[in-house]
$ cat protein33.pdb   # PDB, C-alpha atoms
ATOM      1  CA  MET A   1     -40.264 -29.697 -21.076
ATOM      2  CA  ASP A   2     -40.693 -32.758 -18.827
ATOM      3  CA  THR A   3     -37.569 -34.948 -18.891
ATOM      4  CA  GLU A   4     -39.723 -38.007 -18.138
ATOM      5  CA  ASN A   5     -41.467 -37.451 -21.458
ATOM      6  CA  LEU A   6     -38.058 -37.302 -23.106
ATOM      7  CA  ARG A   7     -37.035 -40.579 -21.433
ATOM      8  CA  SER A   8     -40.157 -42.251 -22.776
ATOM      9  CA  PHE A   9     -39.427 -40.878 -26.243
ATOM     10  CA  LEU A  10     -35.846 -42.204 -26.157
ATOM     11  CA  GLU A  11     -36.930 -45.660 -24.999
ATOM     12  CA  VAL A  12     -39.590 -45.968 -27.718
ATOM     13  CA  ALA A  13     -37.130 -44.696 -30.335
ATOM     14  CA  GLU A  14     -34.475 -47.210 -29.266
ATOM     15  CA  HIS A  15     -36.719 -50.265 -29.170
ATOM     16  CA  GLY A  16     -39.382 -49.406 -31.737
ATOM     17  CA  SER A  17     -42.065 -50.509 -29.324
ATOM     18  CA  PHE A  18     -44.325 -48.845 -26.768
ATOM     19  CA  THR A  19     -44.651 -52.187 -24.977
ATOM     20  CA  VAL A  20     -40.905 -52.674 -24.511
ATOM     21  CA  ALA A  21     -40.472 -49.022 -23.527
ATOM     22  CA  ALA A  22     -43.195 -49.337 -20.894
ATOM     23  CA  SER A  23     -41.553 -52.489 -19.511
ATOM     24  CA  ARG A  24     -38.149 -50.795 -19.375
ATOM     25  CA  LEU A  25     -39.606 -47.771 -17.574
ATOM     26  CA  ASN A  26     -41.860 -49.883 -15.329
ATOM     27  CA  LEU A  27     -44.895 -47.961 -16.535
ATOM     28  CA  ALA A  28     -48.247 -48.778 -18.090
ATOM     29  CA  GLN A  29     -48.223 -48.646 -21.874
ATOM     30  CA  SER A  30     -50.999 -46.056 -21.742
ATOM     31  CA  THR A  31     -48.765 -43.784 -19.662
ATOM     32  CA  VAL A  32     -45.955 -44.000 -22.203
ATOM     33  CA  SER A  33     -48.430 -43.285 -25.023
ATOM     34  CA  ALA A  34     -49.774 -40.266 -23.141
ATOM     35  CA  ARG A  35     -46.264 -38.934 -22.611
ATOM     36  CA  ILE A  36     -45.475 -39.222 -26.308
ATOM     37  CA  ARG A  37     -48.725 -37.490 -27.232
ATOM     38  CA  GLY A  38     -47.919 -34.678 -24.820
ATOM     39  CA  LEU A  39     -44.449 -34.304 -26.324
ATOM     40  CA  GLU A  40     -45.874 -34.245 -29.854
ATOM     41  CA  GLU A  41     -48.369 -31.579 -28.806
ATOM     42  CA  GLN A  42     -45.593 -29.453 -27.320
ATOM     43  CA  LEU A  43     -43.471 -29.741 -30.445
ATOM     44  CA  GLY A  44     -46.354 -29.506 -32.876
ATOM     45  CA  ARG A  45     -44.996 -32.445 -34.882
ATOM     46  CA  ARG A  46     -45.574 -36.179 -35.041
ATOM     47  CA  LEU A  47     -42.568 -38.079 -33.745
ATOM     48  CA  PHE A  48     -43.531 -41.674 -34.587
ATOM     49  CA  VAL A  49     -45.293 -43.589 -37.320
ATOM     50  CA  ARG A  50     -47.306 -46.444 -35.841
ATOM     51  CA  ASP A  51     -48.025 -49.668 -37.741
ATOM     52  CA  ARG A  52     -48.516 -53.392 -37.094
ATOM     53  CA  ASP A  53     -44.765 -54.031 -36.864
ATOM     54  CA  GLY A  54     -44.176 -51.394 -34.207
ATOM     55  CA  VAL A  55     -43.221 -47.745 -34.420
ATOM     56  CA  THR A  56     -40.585 -45.843 -36.364
ATOM     57  CA  LEU A  57     -39.368 -42.285 -36.130
ATOM     58  CA  THR A  58     -40.734 -39.667 -38.488
ATOM     59  CA  PRO A  59     -38.259 -37.220 -40.082
ATOM     60  CA  ALA A  60     -39.123 -34.788 -37.283
ATOM     61  CA  GLY A  61     -38.549 -37.553 -34.732
ATOM     62  CA  ARG A  62     -35.127 -38.342 -36.172
ATOM     63  CA  GLN A  63     -34.228 -34.665 -36.076
ATOM     64  CA  PHE A  64     -35.398 -34.364 -32.469
ATOM     65  CA  LEU A  65     -33.599 -37.528 -31.255
ATOM     66  CA  PRO A  66     -30.111 -36.057 -30.604
ATOM     67  CA  HIS A  67     -31.645 -33.028 -28.876
ATOM     68  CA  ALA A  68     -33.734 -35.238 -26.585
ATOM     69  CA  SER A  69     -30.678 -37.310 -25.735
ATOM     70  CA  SER A  70     -28.564 -34.237 -25.027
ATOM     71  CA  ILE A  71     -31.216 -32.593 -22.833
ATOM     72  CA  THR A  72     -31.755 -35.787 -20.838
ATOM     73  CA  ARG A  73     -28.058 -36.352 -20.237
ATOM     74  CA  THR A  74     -27.438 -32.739 -19.282
ATOM     75  CA  TRP A  75     -30.274 -32.890 -16.775
ATOM     76  CA  GLU A  76     -29.023 -36.189 -15.357
ATOM     77  CA  GLN A  77     -25.513 -34.832 -15.002
ATOM     78  CA  SER A  78     -26.805 -31.719 -13.239
ATOM     79  CA  ARG A  79     -28.973 -33.799 -10.918
ATOM     80  CA  GLN A  80     -26.169 -36.170 -10.049
ATOM     81  CA  ASP A  81     -23.635 -33.389  -9.537
ATOM     82  CA  ILE A  82     -25.633 -32.200  -6.528
ATOM     83  CA  ALA A  83     -26.813 -35.640  -5.404
ATOM     84  CA  VAL A  84     -23.974 -36.413  -2.974
ATOM     85  CA  PRO A  85     -25.745 -36.844   0.378
ATOM     86  CA  ASP A  86     -24.757 -34.692   3.330
ATOM     87  CA  GLY A  87     -21.885 -36.226   5.254
ATOM     88  CA  TYR A  88     -20.339 -37.961   2.238
ATOM     89  CA  GLU A  89     -17.353 -36.788   0.237
ATOM     90  CA  SER A  90     -18.154 -38.235  -3.171
ATOM     91  CA  LEU A  91     -20.516 -40.406  -5.202
ATOM     92  CA  LEU A  92     -19.609 -43.611  -7.074
ATOM     93  CA  ARG A  93     -22.023 -44.880  -9.729
ATOM     94  CA  LEU A  94     -22.185 -48.489 -10.940
ATOM     95  CA  THR A  95     -24.459 -50.318 -13.360
ATOM     96  CA  ALA A  96     -24.702 -54.103 -13.552
ATOM     97  CA  PRO A  97     -27.175 -56.792 -14.665
ATOM     98  CA  ALA A  98     -29.855 -57.243 -12.018
ATOM     99  CA  TYR A  99     -29.304 -60.987 -11.706
ATOM    100  CA  LEU A 100     -25.702 -60.417 -10.554
ATOM    101  CA  TRP A 101     -27.003 -58.690  -7.427
ATOM    102  CA  GLU A 102     -26.597 -61.648  -5.076
ATOM    103  CA  ARG A 103     -23.235 -62.793  -6.405
ATOM    104  CA  ILE A 104     -21.465 -59.524  -7.164
ATOM    105  CA  THR A 105     -23.306 -56.259  -6.552
ATOM    106  CA  SER A 106     -24.627 -56.782  -3.027
ATOM    107  CA  PRO A 107     -21.310 -58.114  -1.611
ATOM    108  CA  TRP A 108     -19.520 -55.263  -3.382
ATOM    109  CA  VAL A 109     -21.741 -52.726  -1.609
ATOM    110  CA  GLU A 110     -20.642 -54.207   1.725
ATOM    111  CA  TRP A 111     -17.013 -54.109   0.544
ATOM    112  CA  MET A 112     -17.255 -50.415  -0.265
ATOM    113  CA  ARG A 113     -19.112 -49.501   2.929
ATOM    114  CA  ALA A 114     -16.344 -51.155   4.968
ATOM    115  CA  ARG A 115     -13.436 -49.569   3.084
ATOM    116  CA  ARG A 116     -14.811 -46.214   1.944
ATOM    117  CA  PRO A 117     -17.672 -45.307   4.305
ATOM    118  CA  ASN A 118     -17.422 -41.671   3.209
ATOM    119  CA  VAL A 119     -18.334 -42.559  -0.400
ATOM    120  CA  ALA A 120     -22.011 -42.674  -1.368
ATOM    121  CA  LEU A 121     -23.028 -45.340  -3.900
ATOM    122  CA  ARG A 122     -25.532 -45.147  -6.729
ATOM    123  CA  LEU A 123     -26.617 -48.439  -8.342
ATOM    124  CA  GLU A 124     -28.223 -48.355 -11.769
ATOM    125  CA  GLY A 125     -29.203 -50.587 -14.658
ATOM    126  CA  SER A 126     -29.171 -49.818 -18.371
ATOM    127  CA  PHE A 127     -28.522 -51.241 -21.813
ATOM    128  CA  PRO A 128     -24.821 -51.804 -22.636
ATOM    129  CA  ASP A 129     -24.625 -49.192 -25.400
ATOM    130  CA  LEU A 130     -26.282 -46.563 -23.234
ATOM    131  CA  ALA A 131     -24.061 -47.458 -20.277
ATOM    132  CA  ILE A 132     -20.922 -47.049 -22.364
ATOM    133  CA  ASP A 133     -22.082 -43.629 -23.521
ATOM    134  CA  GLN A 134     -22.775 -42.695 -19.909
ATOM    135  CA  LEU A 135     -19.309 -43.858 -18.892
ATOM    136  CA  ALA A 136     -17.749 -41.757 -21.634
ATOM    137  CA  GLU A 137     -19.759 -38.706 -20.572
ATOM    138  CA  GLY A 138     -18.993 -39.046 -16.862
ATOM    139  CA  LEU A 139     -22.490 -40.135 -15.838
ATOM    140  CA  LEU A 140     -21.253 -43.554 -14.661
ATOM    141  CA  ASP A 141     -18.028 -44.735 -13.021
ATOM    142  CA  ILE A 142     -18.158 -48.519 -13.484
ATOM    143  CA  CYS A 143     -20.173 -50.764 -15.766
ATOM    144  CA  ILE A 144     -20.507 -54.565 -15.695
ATOM    145  CA  LEU A 145     -21.751 -55.937 -19.003
ATOM    146  CA  TYR A 146     -21.637 -58.848 -21.443
ATOM    147  CA  LEU A 147     -21.246 -57.121 -24.798
ATOM    148  CA  PRO A 148     -18.465 -54.507 -24.815
ATOM    149  CA  ARG A 149     -18.263 -51.767 -27.415
ATOM    150  CA  PRO A 150     -14.895 -50.147 -28.149
ATOM    151  CA  HIS A 151     -14.884 -46.516 -27.110
ATOM    152  CA  PRO A 152     -12.011 -44.043 -26.651
ATOM    153  CA  GLY A 153     -11.177 -43.457 -23.013
ATOM    154  CA  ILE A 154     -12.826 -46.626 -21.705
ATOM    155  CA  VAL A 155     -10.922 -49.658 -20.424
ATOM    156  CA  TYR A 156     -12.389 -53.171 -20.580
ATOM    157  CA  GLU A 157     -11.219 -56.259 -18.758
ATOM    158  CA  THR A 158     -12.692 -59.698 -18.225
ATOM    159  CA  LEU A 159     -14.220 -59.791 -14.750
ATOM    160  CA  ALA A 160     -15.535 -63.368 -14.734
ATOM    161  CA  VAL A 161     -16.906 -66.099 -16.952
ATOM    162  CA  ASP A 162     -20.527 -67.102 -16.600
ATOM    163  CA  GLN A 163     -21.873 -70.493 -17.609
ATOM    164  CA  VAL A 164     -24.683 -70.348 -20.150
ATOM    165  CA  VAL A 165     -26.931 -73.385 -19.727
ATOM    166  CA  LEU A 166     -29.971 -74.773 -21.502
ATOM    167  CA  VAL A 167     -33.064 -74.605 -19.282
ATOM    168  CA  GLN A 168     -36.727 -75.424 -19.752
ATOM    169  CA  HIS A 169     -39.805 -74.441 -17.779
ATOM    170  CA  ALA A 170     -40.552 -77.173 -15.247
ATOM    171  CA  ALA A 171     -44.181 -77.477 -16.361
ATOM    172  CA  GLN A 172     -43.257 -78.129 -19.991
ATOM    173  CA  THR A 173     -43.380 -81.844 -20.836
ATOM    174  CA  ARG A 174     -42.800 -81.555 -24.583
ATOM    175  CA  PRO A 175     -39.303 -81.593 -26.096
ATOM    176  CA  TRP A 176     -37.521 -78.307 -25.447
ATOM    177  CA  THR A 177     -37.000 -77.737 -29.189
ATOM    178  CA  GLU A 178     -40.751 -77.264 -29.686
ATOM    179  CA  ASN A 179     -40.827 -74.013 -27.698
ATOM    180  CA  TYR A 180     -37.360 -72.526 -27.789
ATOM    181  CA  ILE A 181     -36.229 -68.895 -27.789
ATOM    182  CA  LEU A 182     -32.785 -68.356 -29.281
ATOM    183  CA  MET A 183     -30.674 -66.000 -27.180
ATOM    184  CA  ASP A 184     -28.142 -64.004 -29.148
ATOM    185  CA  TRP A 185     -24.947 -63.948 -27.096
ATOM    186  CA  GLY A 186     -22.762 -62.781 -29.968
ATOM    187  CA  LEU A 187     -21.047 -64.298 -32.980
ATOM    188  CA  GLU A 188     -18.930 -66.856 -31.108
ATOM    189  CA  PHE A 189     -21.967 -68.233 -29.301
ATOM    190  CA  ARG A 190     -23.973 -68.446 -32.520
ATOM    191  CA  ILE A 191     -21.178 -70.409 -34.195
ATOM    192  CA  GLU A 192     -20.854 -72.835 -31.284
ATOM    193  CA  HIS A 193     -24.627 -73.154 -30.965
ATOM    194  CA  ASP A 194     -25.040 -73.978 -34.657
ATOM    195  CA  ARG A 195     -22.247 -76.508 -34.417
ATOM    196  CA  ALA A 196     -23.798 -78.193 -31.356
ATOM    197  CA  PHE A 197     -27.295 -78.280 -32.869
ATOM    198  CA  ALA A 198     -26.570 -78.786 -36.542
ATOM    199  CA  GLY A 199     -29.739 -79.194 -38.565
ATOM    200  CA  MET A 200     -31.940 -77.576 -35.929
ATOM    201  CA  VAL A 201     -34.742 -75.477 -37.418
ATOM    202  CA  LYS A 202     -34.132 -71.816 -36.649
ATOM    203  CA  PRO A 203     -36.466 -70.735 -33.822
ATOM    204  CA  ALA A 204     -39.179 -68.230 -34.646
ATOM    205  CA  ILE A 205     -38.286 -66.086 -31.622
ATOM    206  CA  SER A 206     -34.889 -64.691 -30.663
ATOM    207  CA  ALA A 207     -33.724 -62.110 -28.138
ATOM    208  CA  GLY A 208     -30.569 -60.388 -27.018
ATOM    209  CA  LEU A 209     -31.462 -59.489 -23.432
ATOM    210  CA  VAL A 210     -31.434 -61.876 -20.474
ATOM    211  CA  PHE A 211     -34.537 -60.214 -19.006
ATOM    212  CA  ILE A 212     -36.562 -60.935 -22.148
ATOM    213  CA  GLY A 213     -35.375 -64.533 -22.415
ATOM    214  CA  LEU A 214     -36.005 -65.198 -18.732
ATOM    215  CA  GLN A 215     -39.503 -63.741 -18.805
ATOM    216  CA  HIS A 216     -40.341 -65.629 -21.988
ATOM    217  CA  VAL A 217     -39.309 -68.960 -20.457
ATOM    218  CA  LEU A 218     -41.346 -68.272 -17.327
ATOM    219  CA  SER A 219     -44.481 -66.881 -18.990
ATOM    220  CA  ARG A 220     -44.569 -69.115 -22.076
ATOM    221  CA  GLN A 221     -43.225 -72.314 -20.529
ATOM    222  CA  ALA A 222     -40.362 -72.219 -23.013
ATOM    223  CA  ALA A 223     -36.690 -73.173 -23.164
ATOM    224  CA  ALA A 224     -33.582 -71.048 -23.690
ATOM    225  CA  TYR A 225     -29.857 -70.775 -23.118
ATOM    226  CA  LEU A 226     -29.476 -68.419 -20.157
ATOM    227  CA  PRO A 227     -26.667 -67.528 -17.734
ATOM    228  CA  LEU A 228     -26.561 -69.871 -14.770
ATOM    229  CA  SER A 229     -26.340 -66.825 -12.493
ATOM    230  CA  ALA A 230     -29.752 -65.715 -13.788
ATOM    231  CA  VAL A 231     -31.569 -69.060 -13.515
ATOM    232  CA  SER A 232     -30.001 -70.838 -10.536
ATOM    233  CA  GLY A 233     -32.674 -69.526  -8.165
ATOM    234  CA  HIS A 234     -35.472 -70.627 -10.489
ATOM    235  CA  ILE A 235     -33.903 -74.084 -10.751
ATOM    236  CA  GLU A 236     -33.612 -74.376  -6.963
ATOM    237  CA  ARG A 237     -37.277 -73.391  -6.563
ATOM    238  CA  GLY A 238     -38.341 -75.996  -9.117
ATOM    239  CA  GLU A 239     -39.584 -73.442 -11.648
ATOM    240  CA  MET A 240     -37.048 -74.512 -14.276
ATOM    241  CA  ARG A 241     -34.864 -77.504 -14.984
ATOM    242  CA  ARG A 242     -31.647 -77.936 -16.896
ATOM    243  CA  ILE A 243     -31.703 -80.056 -20.026
ATOM    244  CA  ASP A 244     -29.609 -83.166 -19.482
ATOM    245  CA  ASN A 245     -26.477 -83.593 -21.612
ATOM    246  CA  ALA A 246     -26.879 -80.189 -23.280
ATOM    247  CA  PRO A 247     -23.627 -78.348 -24.034
ATOM    248  CA  VAL A 248     -22.606 -75.653 -21.552
ATOM    249  CA  PHE A 249     -21.177 -72.470 -23.030
ATOM    250  CA  GLN A 250     -18.925 -69.944 -21.340
ATOM    251  CA  ARG A 251     -19.637 -66.236 -21.639
ATOM    252  CA  PRO A 252     -17.247 -63.528 -20.410
ATOM    253  CA  ILE A 253     -18.537 -60.792 -18.142
ATOM    254  CA  TYR A 254     -16.676 -57.532 -18.680
ATOM    255  CA  LEU A 255     -15.721 -54.712 -16.380
ATOM    256  CA  ALA A 256     -15.655 -51.254 -17.974
ATOM    257  CA  TYR A 257     -14.367 -48.028 -16.462
ATOM    258  CA  PRO A 258     -12.802 -44.713 -17.576
ATOM    259  CA  SER A 259      -9.088 -44.650 -18.287
ATOM    260  CA  ASN A 260      -8.821 -41.246 -16.566
ATOM    261  CA  PRO A 261     -11.280 -41.261 -13.655
ATOM    262  CA  VAL A 262     -12.080 -38.198 -11.562
ATOM    263  CA  SER A 263     -11.107 -40.022  -8.361
ATOM    264  CA  SER A 264      -8.605 -42.777  -9.085
ATOM    265  CA  ASP A 265      -8.256 -43.806  -5.422
ATOM    266  CA  VAL A 266     -11.969 -44.505  -4.967
ATOM    267  CA  LEU A 267     -12.195 -46.239  -8.344
ATOM    268  CA  ASP A 268      -9.192 -48.443  -7.545
ATOM    269  CA  VAL A 269     -10.778 -49.595  -4.290
ATOM    270  CA  ALA A 270     -14.077 -50.308  -6.070
ATOM    271  CA  LEU A 271     -12.395 -52.267  -8.863
ATOM    272  CA  THR A 272     -10.298 -54.254  -6.389
ATOM    273  CA  GLY A 273     -13.475 -55.307  -4.593
ATOM    274  CA  LEU A 274     -15.225 -56.373  -7.799
ATOM    275  CA  ARG A 275     -12.204 -58.381  -8.952
ATOM    276  CA  SER A 276     -11.909 -60.131  -5.598
ATOM    277  CA  LEU A 277     -15.591 -61.058  -5.508
ATOM    278  CA  ALA A 278     -15.452 -62.245  -9.122
ATOM    279  CA  ARG A 279     -12.467 -64.490  -8.338
ATOM    280  CA  ASP A 280     -14.369 -66.066  -5.457
ATOM    281  CA  TRP A 281     -17.393 -66.609  -7.679
ATOM    282  CA  SER A 282     -15.283 -68.116 -10.472
ATOM    283  CA  SER A 283     -13.664 -70.486  -7.977
ATOM    284  CA  GLU A 284     -17.105 -71.667  -6.867
ATOM    285  CA  GLN A 285     -17.981 -72.382 -10.503
ATOM    286  CA  GLY A 286     -14.760 -74.346 -10.980
ATOM    287  CA  PHE A 287     -12.936 -71.827 -13.185
ATOM    288  CA  SER A 288      -9.275 -71.059 -12.672
ATOM    289  CA  GLU A 289      -7.383 -67.981 -13.819
ATOM    290  CA  GLY A 290      -6.182 -70.037 -16.763
ATOM    291  CA  ASP A 291      -9.749 -70.868 -17.763
ATOM    292  CA  ARG A 292     -10.735 -67.247 -17.617
ATOM    293  CA  SER A 293      -7.837 -66.071 -19.748
ATOM    294  CA  LEU A 294      -8.942 -68.393 -22.529
ATOM    295  CA  GLU A 295     -12.249 -66.551 -22.639
ATOM    296  CA  GLN A 296     -10.773 -63.056 -22.529
ATOM    297  CA  VAL A 297     -11.279 -60.776 -25.510
ATOM    298  CA  THR A 298      -9.160 -57.633 -25.669
ATOM    299  CA  VAL A 299     -11.431 -54.740 -26.548
ATOM    300  CA  SER A 300      -9.249 -51.889 -25.376
ATOM    301  CA  ARG A 301      -5.908 -51.485 -23.711
ATOM    302  CA  LYS A 302      -5.709 -52.571 -20.066
ATOM    303  CA  ARG A 303      -4.642 -50.163 -17.393
TER     304      ARG A 303
END
$ encode --input "protein33.pdb" --output "structure tokens"
Amino acid sequence: MDTENLRSFLEVAEHGSFTVAASRLNLAQSTVSARIRGLEEQLGRRLFVRDRDGVTLTPAGRQFLPHASSITRTWEQSRQDIAVPDGYESLLRLTAPAYLWERITSPWVEWMRARRPNVALRLEGSFPDLAIDQLAEGLLDICILYLPRPHPGIVYETLAVDQVVLVQHAAQTRPWTENYILMDWGLEFRIEHDRAFAGMVKPAISAGLVFIGLQHVLSRQAAAYLPLSAVSGHIERGEMRRIDNAPVFQRPIYLAYPSNPVSSDVLDVALTGLRSLARDWSSEQGFSEGDRSLEQVTVSRKR
């Protein structure tokens, strides 16, 4: 059974959409559809019910879901266990939002190459819930994310605080409220947002992923509250502009890692580098340690 077909199945099952699954996998929608058809032919059962609102799992699909997940993870673990390149002693795996590459991930790679040149690095991206499961199962070593989920054996700490700002596509001349996508940054943000914009009609479109919000603003000439780290380049290039006098919200960025890592020495060096780079970034944004502590939410015990 082709694990790529299983990956496509898991993505469609998670998001209820062939379109979103294709975007996540960087594939054509027709390719994802063909993979699902091939999987259904192999199993001899329909896995999804398709309708105008998207797709949902059939009873057979729900029954197959945990098996597909288990097979995929077992294969990934096996592949990664032998993936340490020749000449290196170990492999360290990190996942982080793509738009933190310039500020955090890329400088961290240089940090690790200078201090642990015998450690190979694997950089990945995934949804927070999936990343936490991968951490718990030993498929990841470090995860940087916005929405932590309590899980036994995983430690969370606040790495930095990102500014969430209101931006609008530069070509849009109408008021930003006329084409606005509401980003769901959690309960605290929703409360503060409703307080700041009391009486505002609830937008017809909402999203919980930065990638979706960013692409919607760019493709639909819309407005949204997005992390400054994700939009600063677009603002500098004149593709977006900040809305004057709009409230600025603060959103913690969390660092997650196992409480009992396989190699504590390598993990300690990696975490030290991330913390140092995050402090420098926070200083550039004007945050002090005191500011950051106000934003910290204890999700699990600290090391």
$ atom_distance --input "protein33.pdb" --atom1 "atom CA of A:Gln42" --atom2 "atom CA of A:Glu11"
18.5 Å
$ residues_around --input "protein33.pdb" --residues "stretch 100-113 of chain A" --least-positions-apart "4" --cutoff "10 Å" --atoms "all atoms listed in the file" --output "MDAnalysis selection string"
chainID A and resid 92 94:96 117:123 144 229:230 266 269:278 280:281
$ write_last_selection --input "protein33.pdb" --atoms "C-alpha atoms" --output "PDB file, in the frame of the given file"
ATOM      1  CA  LEU A  92     -19.609 -43.611  -7.074  1.00  0.00           C
ATOM      2  CA  LEU A  94     -22.185 -48.489 -10.940  1.00  0.00           C
ATOM      3  CA  THR A  95     -24.459 -50.318 -13.360  1.00  0.00           C
ATOM      4  CA  ALA A  96     -24.702 -54.103 -13.552  1.00  0.00           C
ATOM      5  CA  PRO A 117     -17.672 -45.307   4.305  1.00  0.00           C
ATOM      6  CA  ASN A 118     -17.422 -41.671   3.209  1.00  0.00           C
ATOM      7  CA  VAL A 119     -18.334 -42.559  -0.400  1.00  0.00           C
ATOM      8  CA  ALA A 120     -22.011 -42.674  -1.368  1.00  0.00           C
ATOM      9  CA  LEU A 121     -23.028 -45.340  -3.900  1.00  0.00           C
ATOM     10  CA  ARG A 122     -25.532 -45.147  -6.729  1.00  0.00           C
ATOM     11  CA  LEU A 123     -26.617 -48.439  -8.342  1.00  0.00           C
ATOM     12  CA  ILE A 144     -20.507 -54.565 -15.695  1.00  0.00           C
ATOM     13  CA  SER A 229     -26.340 -66.825 -12.493  1.00  0.00           C
ATOM     14  CA  ALA A 230     -29.752 -65.715 -13.788  1.00  0.00           C
ATOM     15  CA  VAL A 266     -11.969 -44.505  -4.967  1.00  0.00           C
ATOM     16  CA  VAL A 269     -10.778 -49.595  -4.290  1.00  0.00           C
ATOM     17  CA  ALA A 270     -14.077 -50.308  -6.070  1.00  0.00           C
ATOM     18  CA  LEU A 271     -12.395 -52.267  -8.863  1.00  0.00           C
ATOM     19  CA  THR A 272     -10.298 -54.254  -6.389  1.00  0.00           C
ATOM     20  CA  GLY A 273     -13.475 -55.307  -4.593  1.00  0.00           C
ATOM     21  CA  LEU A 274     -15.225 -56.373  -7.799  1.00  0.00           C
ATOM     22  CA  ARG A 275     -12.204 -58.381  -8.952  1.00  0.00           C
ATOM     23  CA  SER A 276     -11.909 -60.131  -5.598  1.00  0.00           C
ATOM     24  CA  LEU A 277     -15.591 -61.058  -5.508  1.00  0.00           C
ATOM     25  CA  ALA A 278     -15.452 -62.245  -9.122  1.00  0.00           C
ATOM     26  CA  ASP A 280     -14.369 -66.066  -5.457  1.00  0.00           C
ATOM     27  CA  TRP A 281     -17.393 -66.609  -7.679  1.00  0.00           C
TER      28      TRP A 281
END
$ resolve_selection --input "protein33.pdb" --expression "the PyMOL selection byres ((chain A and resi 48-59) around 10)" --output "list in words"
Phe9, Val12, Ala13, Glu14, His15, Gly16, Ser17, Phe18, Thr19, Ile36, Arg37, Glu40, Arg45, Arg46, Leu47, Ala60, Gly61, Arg62, Gln63, Phe64 and Leu65 of chain A
$ atom_distance --input "protein33.pdb" --atom1 "atom CA of A:Leu147" --atom2 "atom CA of A:Ser8"
24.1 Å
$ atom_distance --input "protein33.pdb" --atom1 "atom CA of A:Leu255" --atom2 "atom CA of A:Ala160"
8.8 Å
$ closest_residue --input "protein33.pdb" --among "A:Val84, A:Met240, A:Ala34, A:Leu25" --to "A:His169" --atoms "all atoms listed in the file"
A:Met240
$ closest_residue --input "protein33.pdb" --among "A:Phe211, A:Trp75, A:Tyr225, A:Tyr146" --to "A:Trp176" --atoms "all atoms listed in the file"
A:Tyr225
$ residues_around --input "protein33.pdb" --residues "stretch 137-139 of chain A" --least-positions-apart "4" --cutoff "12 Å" --atoms "only C-alpha atoms" --output "ChimeraX atom specification"
/A:70,72-81,91-95,122-124,130-133,143,151-154,257-263
$ closest_residue --input "protein33.pdb" --among "A:Ala22, A:Gln29, A:Arg251, A:Leu39" --to "A:Glu188" --atoms "all atoms listed in the file"
A:Arg251
$ resolve_selection --input "protein33.pdb" --expression "the PyMOL selection byres ((chain A and resi 173) around 12)" --output "PyMOL selection string"
chain A and resi 168-172+174-179+221-223+240-241+243
$ write_last_selection --input "protein33.pdb" --atoms "C-alpha atoms" --output "mmCIF file, in the frame of the given file"
data_model
loop_
_atom_site.group_PDB
_atom_site.id
_atom_site.type_symbol
_atom_site.label_atom_id
_atom_site.label_comp_id
_atom_site.auth_asym_id
_atom_site.auth_seq_id
_atom_site.Cartn_x
_atom_site.Cartn_y
_atom_site.Cartn_z
ATOM 1 C CA GLN A 168 -36.727 -75.424 -19.752
ATOM 2 C CA HIS A 169 -39.805 -74.441 -17.779
ATOM 3 C CA ALA A 170 -40.552 -77.173 -15.247
ATOM 4 C CA ALA A 171 -44.181 -77.477 -16.361
ATOM 5 C CA GLN A 172 -43.257 -78.129 -19.991
ATOM 6 C CA ARG A 174 -42.800 -81.555 -24.583
ATOM 7 C CA PRO A 175 -39.303 -81.593 -26.096
ATOM 8 C CA TRP A 176 -37.521 -78.307 -25.447
ATOM 9 C CA THR A 177 -37.000 -77.737 -29.189
ATOM 10 C CA GLU A 178 -40.751 -77.264 -29.686
ATOM 11 C CA ASN A 179 -40.827 -74.013 -27.698
ATOM 12 C CA GLN A 221 -43.225 -72.314 -20.529
ATOM 13 C CA ALA A 222 -40.362 -72.219 -23.013
ATOM 14 C CA ALA A 223 -36.690 -73.173 -23.164
ATOM 15 C CA MET A 240 -37.048 -74.512 -14.276
ATOM 16 C CA ARG A 241 -34.864 -77.504 -14.984
ATOM 17 C CA ILE A 243 -31.703 -80.056 -20.026
#
$ axis_aligned_box --input "protein33.pdb" --around "stretch 31-37 of chain A" --padding-each-side "5 Å" --output "AutoDock Vina command-line options"
--center_x -47.6 --center_y -40.7 --center_z -23.4 --size_x 14.3 --size_y 16.5 --size_z 17.6
$ residues_around --input "protein33.pdb" --residues "A:Val210" --least-positions-apart "3" --cutoff "12 Å" --atoms "all atoms listed in the file" --output "PyMOL selection string"
chain A and resi 97-100+127+145-146+164+181-185+206-207+213-217+224-231
$ closest_residue --input "protein33.pdb" --among "A:Val165, A:Pro252, A:Gly199, A:Ala246" --to "A:Gly186" --atoms "all atoms listed in the file"
A:Pro252
